[in-house]
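Single-structure report; data block below.
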Amino acid sequence: MAFRERLPAVLALAIPVLAGALYMALGGAPAHYALTNLGALVVAAPWILSGRGPHTALSRHLMTGVLLFTLLTPLAVSPEMTSITGDTVRRWFPLGSLTLHTGMLATPGLCVLAARNRTLAAPILLAAVGLAWLQPDAATGFALTFAAVGLHHVTKDWKVGGVAAIGFLASINMALRGELPPQPFVERVLVEAAGTSVFLAIALALALAAGFALVLFAVPFDRAKRFALAGLYFGFAVIALMSSYPTPLIGYGAAPILGFGIALGLHRIPLR
């Protein structure tokens, strides 16, 4: 696939990440915040330009299993935090000095794989919702719900529509149990930026919207993959605006950059 065909996928990631890094640098965030995000972008971009999806049934099932296992790992290794309701929250995978949000790391690739497997699409998404419920992580739950909505819009698969309904109800329950106090430059980034400058908040929102539009309309995937991945993107962004959950790509965090980067590099997976 030619470089120019994959360029929209790189821009879908680069535009919001660069805008967010500039905001963090100018807004007084710790220096490593912007550097971490830019480093994740440097890692993801070559994969997007040269990557290829799994091309055998075994490799597809193996990758799906690895990503679901990634969602499961916080239950064993995550640092524990206490939500405002007193519930225990475990959503992260410690990796050296980084703490990766497993939902944002694993679900973009899962959505692409689900969109390319019409037989197992609903079970894959439902399993991911269930693992998010155990953490509990309403951001991942709502994002998967919108991913299912996007995929159902294309395929009209009633089972995927059922996952969207289950995901919505489960996510409400997660939201009631798992909300944490916001961290500067991580959660509620647009609200925080608006407190400094409305124009700054608008610029960040436009960068985030540009990434969404590129995923939905310009990335060289078929409609099912584009709508599923764009739905996930939209879900993460909307819940971050509504409550105290990490803002993807423009906020501090390597996980969404790496997660969407992995997904955007999964080209030419054979349809099943």
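Chain lettering (A, B, ...) mirrors the order of the structure tokens, residue numbering begins at 1 for each chain separately, and ligand numbering begins at 1 in order of display.
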DSSP says alpha helix (DSSP H) for which residues of region 40-191 of chain A? Put them as number ranges by chain?
-> A: 40-50, 57-72, 74-77, 102-115, 121-134, 138-155, 158-178, 189-191
List as a PDB file with N, CA, C and O atoms, in the first residue's frame the protein and nucleic acid residues near Ala45 (chain A), meaning an atom at most 10 Å away when only C-alpha atoms are counted, but skip any in the same chain fewer than 2 places from it.
```pdb
ATOM      1  N   LEU A   7      -1.208   7.768   4.667  1.00  0.00           N
ATOM      2  CA  LEU A   7      -0.957   9.049   5.320  1.00  0.00           C
ATOM      3  C   LEU A   7      -2.152   9.539   6.146  1.00  0.00           C
ATOM      4  O   LEU A   7      -1.958  10.050   7.261  1.00  0.00           O
ATOM      5  N   ALA A   9      -4.153   7.879   7.934  1.00  0.00           N
ATOM      6  CA  ALA A   9      -4.141   7.158   9.203  1.00  0.00           C
ATOM      7  C   ALA A   9      -3.107   7.747  10.149  1.00  0.00           C
ATOM      8  O   ALA A   9      -3.341   7.861  11.356  1.00  0.00           O
ATOM      9  N   VAL A  10      -1.952   8.129   9.615  1.00  0.00           N
ATOM     10  CA  VAL A  10      -0.929   8.782  10.439  1.00  0.00           C
ATOM     11  C   VAL A  10      -1.436  10.131  10.929  1.00  0.00           C
ATOM     12  O   VAL A  10      -1.287  10.480  12.106  1.00  0.00           O
ATOM     13  N   LEU A  11      -2.065  10.892  10.042  1.00  0.00           N
ATOM     14  CA  LEU A  11      -2.575  12.215  10.425  1.00  0.00           C
ATOM     15  C   LEU A  11      -3.691  12.105  11.454  1.00  0.00           C
ATOM     16  O   LEU A  11      -3.823  12.974  12.327  1.00  0.00           O
ATOM     17  N   LEU A  13      -3.823  10.255  13.896  1.00  0.00           N
ATOM     18  CA  LEU A  13      -3.172  10.153  15.194  1.00  0.00           C
ATOM     19  C   LEU A  13      -2.329  11.394  15.487  1.00  0.00           C
ATOM     20  O   LEU A  13      -2.349  11.933  16.591  1.00  0.00           O
ATOM     21  N   ALA A  14      -1.598  11.857  14.478  1.00  0.00           N
ATOM     22  CA  ALA A  14      -0.621  12.921  14.695  1.00  0.00           C
ATOM     23  C   ALA A  14      -1.268  14.265  15.016  1.00  0.00           C
ATOM     24  O   ALA A  14      -0.760  15.009  15.875  1.00  0.00           O
ATOM     25  N   ALA A  40       5.414   8.088  22.052  1.00  0.00           N
ATOM     26  CA  ALA A  40       4.454   7.062  21.635  1.00  0.00           C
ATOM     27  C   ALA A  40       4.063   7.251  20.170  1.00  0.00           C
ATOM     28  O   ALA A  40       3.900   6.274  19.425  1.00  0.00           O
ATOM     29  N   LEU A  41       3.927   8.499  19.738  1.00  0.00           N
ATOM     30  CA  LEU A  41       3.612   8.781  18.338  1.00  0.00           C
ATOM     31  C   LEU A  41       4.742   8.333  17.417  1.00  0.00           C
ATOM     32  O   LEU A  41       4.498   7.756  16.347  1.00  0.00           O
ATOM     33  N   VAL A  42       5.974   8.572  17.839  1.00  0.00           N
ATOM     34  CA  VAL A  42       7.143   8.153  17.044  1.00  0.00           C
ATOM     35  C   VAL A  42       7.177   6.630  16.909  1.00  0.00           C
ATOM     36  O   VAL A  42       7.554   6.090  15.866  1.00  0.00           O
ATOM     37  N   VAL A  43       6.768   5.928  17.938  1.00  0.00           N
ATOM     38  CA  VAL A  43       6.716   4.465  17.889  1.00  0.00           C
ATOM     39  C   VAL A  43       5.577   3.991  16.980  1.00  0.00           C
ATOM     40  O   VAL A  43       5.732   3.050  16.194  1.00  0.00           O
ATOM     41  N   TRP A  47       4.703   1.926  12.321  1.00  0.00           N
ATOM     42  CA  TRP A  47       3.823   0.758  12.218  1.00  0.00           C
ATOM     43  C   TRP A  47       2.604   1.062  11.348  1.00  0.00           C
ATOM     44  O   TRP A  47       2.195   0.234  10.526  1.00  0.00           O
ATOM     45  N   ILE A  48       2.020   2.240  11.524  1.00  0.00           N
ATOM     46  CA  ILE A  48       0.861   2.607  10.708  1.00  0.00           C
ATOM     47  C   ILE A  48       1.231   2.614   9.226  1.00  0.00           C
ATOM     48  O   ILE A  48       0.453   2.189   8.363  1.00  0.00           O
ATOM     49  N   LEU A  49       2.443   3.093   8.911  1.00  0.00           N
ATOM     50  CA  LEU A  49       2.879   3.208   7.521  1.00  0.00           C
ATOM     51  C   LEU A  49       3.291   1.866   6.914  1.00  0.00           C
ATOM     52  O   LEU A  49       3.266   1.708   5.695  1.00  0.00           O
ATOM     53  N   SER A  50       3.670   0.909   7.738  1.00  0.00           N
ATOM     54  CA  SER A  50       4.202  -0.336   7.188  1.00  0.00           C
ATOM     55  C   SER A  50       3.501  -1.586   7.703  1.00  0.00           C
ATOM     56  O   SER A  50       3.792  -2.688   7.234  1.00  0.00           O
ATOM     57  N   GLY A  51       2.580  -1.440   8.650  1.00  0.00           N
ATOM     58  CA  GLY A  51       1.992  -2.597   9.310  1.00  0.00           C
ATOM     59  C   GLY A  51       1.063  -3.402   8.430  1.00  0.00           C
ATOM     60  O   GLY A  51       0.631  -2.978   7.358  1.00  0.00           O
ATOM     61  N   ILE A 257      -2.499   6.400  22.279  1.00  0.00           N
ATOM     62  CA  ILE A 257      -1.678   6.618  21.088  1.00  0.00           C
ATOM     63  C   ILE A 257      -1.166   5.284  20.557  1.00  0.00           C
ATOM     64  O   ILE A 257      -1.254   4.993  19.365  1.00  0.00           O
ATOM     65  N   LEU A 258      -0.666   4.456  21.460  1.00  0.00           N
ATOM     66  CA  LEU A 258      -0.193   3.136  21.050  1.00  0.00           C
ATOM     67  C   LEU A 258      -1.354   2.248  20.604  1.00  0.00           C
ATOM     68  O   LEU A 258      -1.245   1.515  19.614  1.00  0.00           O
ATOM     69  N   GLY A 261      -2.648   3.452  17.352  1.00  0.00           N
ATOM     70  CA  GLY A 261      -1.571   3.208  16.400  1.00  0.00           C
ATOM     71  C   GLY A 261      -1.527   1.756  15.960  1.00  0.00           C
ATOM     72  O   GLY A 261      -1.386   1.451  14.765  1.00  0.00           O
ATOM     73  N   ILE A 262      -1.644   0.833  16.917  1.00  0.00           N
ATOM     74  CA  ILE A 262      -1.685  -0.589  16.571  1.00  0.00           C
ATOM     75  C   ILE A 262      -2.845  -0.868  15.619  1.00  0.00           C
ATOM     76  O   ILE A 262      -2.687  -1.530  14.587  1.00  0.00           O
ATOM     77  N   LEU A 264      -4.539   1.158  13.608  1.00  0.00           N
ATOM     78  CA  LEU A 264      -4.442   1.809  12.306  1.00  0.00           C
ATOM     79  C   LEU A 264      -3.397   1.158  11.402  1.00  0.00           C
ATOM     80  O   LEU A 264      -3.350   1.433  10.211  1.00  0.00           O
ATOM     81  N   GLY A 265      -2.547   0.304  11.972  1.00  0.00           N
ATOM     82  CA  GLY A 265      -1.585  -0.421  11.168  1.00  0.00           C
ATOM     83  C   GLY A 265      -2.056  -1.797  10.735  1.00  0.00           C
ATOM     84  O   GLY A 265      -1.332  -2.502  10.025  1.00  0.00           O
TER      85      GLY A 265
END
```
Neighbour list for Val189 (chain A) as a ChimeraX atom specification, cut-off 9 Å, only C-alpha atoms, skip fewer than 3 positions in-chain | /A:184-186,192-194,201,204,240-241,246-247,250-251
Residues of the last selection are to be written out with N, CA, C and O atoms, as a short mmCIF file (atom, residue, chain, number, x, y, z; two decimals), in the first residue's frame.
```cif
data_model
loop_
_atom_site.label_atom_id
_atom_site.label_comp_id
_atom_site.auth_asym_id
_atom_site.auth_seq_id
_atom_site.Cartn_x
_atom_site.Cartn_y
_atom_site.Cartn_z
N PRO A 184 -4.86 16.70 36.42
CA PRO A 184 -4.58 17.73 35.41
C PRO A 184 -3.87 17.16 34.19
O PRO A 184 -2.98 16.32 34.32
N PHE A 185 -4.29 17.61 33.02
CA PHE A 185 -3.72 17.24 31.73
C PHE A 185 -4.00 15.78 31.35
O PHE A 185 -3.52 15.31 30.33
N VAL A 186 -4.77 15.07 32.16
CA VAL A 186 -5.14 13.69 31.85
C VAL A 186 -6.65 13.60 31.62
O VAL A 186 -7.10 13.23 30.54
N GLU A 192 -10.63 21.83 31.23
CA GLU A 192 -9.47 22.49 31.84
C GLU A 192 -8.92 23.56 30.91
O GLU A 192 -8.60 24.68 31.34
N ALA A 193 -8.81 23.26 29.62
CA ALA A 193 -8.31 24.23 28.65
C ALA A 193 -9.25 25.41 28.50
O ALA A 193 -8.80 26.56 28.36
N ALA A 194 -10.56 25.17 28.56
CA ALA A 194 -11.52 26.26 28.45
C ALA A 194 -11.41 27.23 29.61
O ALA A 194 -11.69 28.42 29.46
N ALA A 201 -9.42 25.75 23.94
CA ALA A 201 -10.29 24.57 24.03
C ALA A 201 -10.88 24.23 22.66
O ALA A 201 -10.96 23.05 22.29
N LEU A 204 -8.20 22.53 20.51
CA LEU A 204 -8.00 21.14 20.91
C LEU A 204 -9.17 20.27 20.45
O LEU A 204 -8.97 19.14 19.98
N ALA A 240 -14.97 11.34 28.23
CA ALA A 240 -13.95 12.20 28.84
C ALA A 240 -14.46 13.62 29.02
O ALA A 240 -14.05 14.32 29.96
N LEU A 241 -15.34 14.06 28.13
CA LEU A 241 -15.92 15.39 28.25
C LEU A 241 -17.00 15.42 29.32
O LEU A 241 -17.18 16.42 30.02
N PRO A 246 -9.90 9.65 31.22
CA PRO A 246 -8.80 10.18 30.40
C PRO A 246 -9.26 10.65 29.02
O PRO A 246 -10.04 9.98 28.34
N THR A 247 -8.77 11.81 28.63
CA THR A 247 -9.08 12.35 27.31
C THR A 247 -8.09 11.75 26.31
O THR A 247 -6.88 11.94 26.46
N ILE A 250 -5.22 13.92 23.07
CA ILE A 250 -4.81 15.28 23.41
C ILE A 250 -4.42 15.40 24.87
O ILE A 250 -3.81 16.39 25.28
N GLY A 251 -4.77 14.41 25.70
CA GLY A 251 -4.37 14.39 27.09
C GLY A 251 -3.16 13.50 27.30
O GLY A 251 -2.78 12.71 26.42
#
```
Compile the contact shell of Met174 (chain A) as number ranges by chain: residues with an atom at most 12 Å away, counting only C-alpha atoms, same-chain residues fewer than 2 positions apart removed.
-> A: 83, 85, 87-89, 129-142, 167-172, 176-180, 245
Since we have the selection now, will you write its residues out, keeping N, CA, C and O atoms, as a short mmCIF file (atom, residue, chain, number, x, y, z; two decimals), in the first residue's frame?
```cif
data_model
loop_
_atom_site.label_atom_id
_atom_site.label_comp_id
_atom_site.auth_asym_id
_atom_site.auth_seq_id
_atom_site.Cartn_x
_atom_site.Cartn_y
_atom_site.Cartn_z
N SER A 83 -12.42 4.62 44.15
CA SER A 83 -13.31 5.58 43.49
C SER A 83 -14.00 6.45 44.53
O SER A 83 -13.92 6.21 45.74
N THR A 85 -16.94 6.48 45.21
CA THR A 85 -17.98 5.70 45.92
C THR A 85 -17.37 4.65 46.84
O THR A 85 -18.10 3.88 47.47
N ASP A 87 -15.35 2.14 45.83
CA ASP A 87 -15.05 0.90 45.12
C ASP A 87 -13.58 0.85 44.70
O ASP A 87 -12.96 1.88 44.43
N THR A 88 -13.04 -0.36 44.59
CA THR A 88 -11.67 -0.55 44.13
C THR A 88 -11.63 -0.51 42.61
O THR A 88 -12.43 -1.17 41.94
N VAL A 89 -10.70 0.27 42.08
CA VAL A 89 -10.57 0.44 40.63
C VAL A 89 -9.19 -0.05 40.20
O VAL A 89 -8.18 0.34 40.78
N VAL A 129 -16.40 -5.86 26.89
CA VAL A 129 -17.27 -5.13 27.81
C VAL A 129 -17.26 -5.78 29.19
O VAL A 129 -17.18 -5.10 30.22
N GLY A 130 -17.33 -7.10 29.22
CA GLY A 130 -17.31 -7.81 30.50
C GLY A 130 -16.03 -7.57 31.28
O GLY A 130 -16.06 -7.37 32.50
N LEU A 131 -14.90 -7.56 30.60
CA LEU A 131 -13.62 -7.32 31.27
C LEU A 131 -13.53 -5.87 31.76
O LEU A 131 -12.97 -5.61 32.83
N ALA A 132 -14.08 -4.94 30.98
CA ALA A 132 -14.11 -3.55 31.45
C ALA A 132 -14.99 -3.41 32.69
O ALA A 132 -14.67 -2.64 33.60
N TRP A 133 -16.07 -4.18 32.73
CA TRP A 133 -16.98 -4.11 33.89
C TRP A 133 -16.28 -4.58 35.16
O TRP A 133 -16.55 -4.06 36.24
N LEU A 134 -15.39 -5.53 35.03
CA LEU A 134 -14.68 -6.04 36.20
C LEU A 134 -13.72 -5.02 36.79
O LEU A 134 -13.38 -5.09 37.97
N GLN A 135 -13.30 -4.04 36.01
CA GLN A 135 -12.23 -3.14 36.49
C GLN A 135 -12.67 -2.08 37.51
O GLN A 135 -11.86 -1.83 38.42
N PRO A 136 -13.77 -1.41 37.55
CA PRO A 136 -14.68 -1.10 36.45
C PRO A 136 -14.18 0.14 35.69
O PRO A 136 -13.57 1.04 36.29
N ASP A 137 -14.45 0.18 34.38
CA ASP A 137 -13.95 1.26 33.53
C ASP A 137 -15.05 1.70 32.57
O ASP A 137 -15.23 1.13 31.50
N ALA A 138 -15.78 2.74 33.00
CA ALA A 138 -16.91 3.21 32.18
C ALA A 138 -16.45 3.81 30.87
O ALA A 138 -17.17 3.76 29.87
N ALA A 139 -15.24 4.39 30.82
CA ALA A 139 -14.74 4.96 29.57
C ALA A 139 -14.62 3.87 28.51
O ALA A 139 -15.10 4.02 27.38
N THR A 140 -13.99 2.76 28.87
CA THR A 140 -13.86 1.65 27.93
C THR A 140 -15.22 1.05 27.61
O THR A 140 -15.51 0.69 26.47
N GLY A 141 -16.09 0.95 28.61
CA GLY A 141 -17.43 0.42 28.38
C GLY A 141 -18.22 1.24 27.38
O GLY A 141 -18.80 0.70 26.42
N PHE A 142 -18.27 2.56 27.58
CA PHE A 142 -19.01 3.42 26.66
C PHE A 142 -18.36 3.43 25.28
O PHE A 142 -19.05 3.46 24.26
N GLY A 167 -23.80 -3.19 26.56
CA GLY A 167 -22.68 -2.32 26.89
C GLY A 167 -23.12 -1.01 27.51
O GLY A 167 -22.48 -0.51 28.45
N PHE A 168 -24.23 -0.46 27.00
CA PHE A 168 -24.73 0.80 27.55
C PHE A 168 -25.16 0.63 29.00
O PHE A 168 -24.79 1.43 29.87
N LEU A 169 -25.92 -0.42 29.29
CA LEU A 169 -26.37 -0.65 30.65
C LEU A 169 -25.20 -0.97 31.58
O LEU A 169 -25.14 -0.47 32.71
N ALA A 170 -24.27 -1.79 31.10
CA ALA A 170 -23.11 -2.12 31.92
C ALA A 170 -22.26 -0.89 32.19
O ALA A 170 -21.71 -0.72 33.29
N SER A 171 -22.15 0.01 31.22
CA SER A 171 -21.33 1.20 31.37
C SER A 171 -21.92 2.17 32.40
O SER A 171 -21.18 2.85 33.13
N ILE A 172 -23.24 2.24 32.45
CA ILE A 172 -23.87 3.06 33.49
C ILE A 172 -23.51 2.53 34.86
O ILE A 172 -23.16 3.29 35.78
N LEU A 176 -21.20 4.41 37.87
CA LEU A 176 -21.64 4.60 39.25
C LEU A 176 -20.63 4.06 40.25
O LEU A 176 -20.60 4.48 41.41
N ARG A 177 -19.79 3.12 39.81
CA ARG A 177 -18.84 2.48 40.73
C ARG A 177 -17.40 2.98 40.58
O ARG A 177 -16.61 2.83 41.51
N GLY A 178 -17.04 3.55 39.41
CA GLY A 178 -15.62 3.69 39.12
C GLY A 178 -15.08 5.07 38.87
O GLY A 178 -13.96 5.21 38.35
N GLU A 179 -15.81 6.12 39.22
CA GLU A 179 -15.30 7.46 38.92
C GLU A 179 -14.20 7.85 39.91
O GLU A 179 -14.33 7.67 41.12
N LEU A 180 -13.11 8.40 39.36
CA LEU A 180 -11.97 8.84 40.15
C LEU A 180 -11.81 10.36 40.06
O LEU A 180 -12.28 10.98 39.11
N TYR A 245 -12.71 10.95 33.08
CA TYR A 245 -12.01 9.84 32.44
C TYR A 245 -10.97 10.41 31.49
O TYR A 245 -11.11 11.53 30.99
#
```
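Nearest to Thr155 (chain A) of all the residues A:Arg118, A:His55, A:His32, A:His61 is A:Arg118, counting only C-alpha atoms.
Proximity to Ile84 (chain A) was assessed for A:Ala209, A:Ala175, A:Val149, A:Val191 counting only C-alpha atoms; the smallest distance is recorded for A:Ala175.
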Can I get the residues of region 33-115 of chain A within 7 Å of region 221-237 of chain A, each with the closest pair of atoms and their distance in Å to one decimal, using only C-alpha atoms, sorted chain first then ascending number, as JSON lines?
```
{"residue": "A:Pro108", "atom": "CA", "partner": "A:Leu229", "partner_atom": "CA", "distance": 6.3}
{"residue": "A:Cys111", "atom": "CA", "partner": "A:Ala228", "partner_atom": "CA", "distance": 6.0}
{"residue": "A:Val112", "atom": "CA", "partner": "A:Lys225", "partner_atom": "CA", "distance": 5.3}
{"residue": "A:Ala115", "atom": "CA", "partner": "A:Lys225", "partner_atom": "CA", "distance": 5.2}
```
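With distances restricted to only C-alpha atoms, A:Gln183 is the closest residue to Ala29 (chain A) from A:Gln183, A:Ala254, A:Val238, A:Thr70.
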Within 10 Å of Asp157 (chain A), counting only C-alpha atoms, which residues show up once you throw out same-chain ones fewer than 2 positions away? Write them as a PyMOL selection string, please.
-> chain A and resi 118-119+121-122+148+151-155+159-162
Save the residues we just selected, C-alpha atoms, as a PDB file, in the first residue's frame?
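What landed in selection02.pdb:
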```pdb
ATOM      1  CA  ARG A 118     -18.666 -11.272  11.346  1.00  0.00           C
ATOM      2  CA  THR A 119     -19.073 -14.611  13.113  1.00  0.00           C
ATOM      3  CA  ALA A 121     -17.732  -9.824  16.234  1.00  0.00           C
ATOM      4  CA  ALA A 122     -20.417  -9.819  18.935  1.00  0.00           C
ATOM      5  CA  ALA A 148     -20.772  -1.697  18.517  1.00  0.00           C
ATOM      6  CA  LEU A 151     -20.354  -1.673  13.471  1.00  0.00           C
ATOM      7  CA  HIS A 152     -24.078  -2.406  13.649  1.00  0.00           C
ATOM      8  CA  HIS A 153     -24.749   0.626  11.441  1.00  0.00           C
ATOM      9  CA  VAL A 154     -22.743  -1.054   8.683  1.00  0.00           C
ATOM     10  CA  THR A 155     -23.487  -4.747   9.169  1.00  0.00           C
ATOM     11  CA  LYS A 159     -26.104  -9.624  17.809  1.00  0.00           C
ATOM     12  CA  VAL A 160     -23.797  -6.604  17.628  1.00  0.00           C
ATOM     13  CA  GLY A 161     -26.804  -4.383  18.305  1.00  0.00           C
ATOM     14  CA  GLY A 162     -27.506  -6.492  21.393  1.00  0.00           C
TER      15      GLY A 162
END
```
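The two atoms in question, CA of Leu126 (chain A) and CA of Tyr252 (chain A), are spaced 28.1 Å apart.
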Taking the DSSP assignment computed from this structure's backbone, write out as a list in words all residues of region 36-194 of chain A that belong to strand (DSSP E).
-> Met81, Thr82, Thr88, Val89, Trp92, Phe93, Pro94, Leu95, Leu98, Thr99, Leu100 and His101 of chain A
Which neighbours of region 91-102 of chain A fall inside 6 Å, counting only C-alpha atoms, when residues of the same chain fewer than 2 positions from it are skipped, and could you give them as a list in words?
-> Leu71, Pro74, Ser78, Met104, Leu105, Ala106, Gln135 and Ala255 of chain A
Residue among A:Thr64, A:Thr56, A:Thr36, A:Ser244 lying closest to Thr107 (chain A), counting only C-alpha atoms | A:Thr64
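Minimum atom-to-atom distances from A:Ala165, A:Arg90, A:Asn37, A:Leu113 to Leu62 (chain A) were compared using only C-alpha atoms, and the lowest value belongs to A:Leu113.
CA of Ala57 (chain A) is found 22.7 Å from CA of Ala147 (chain A).
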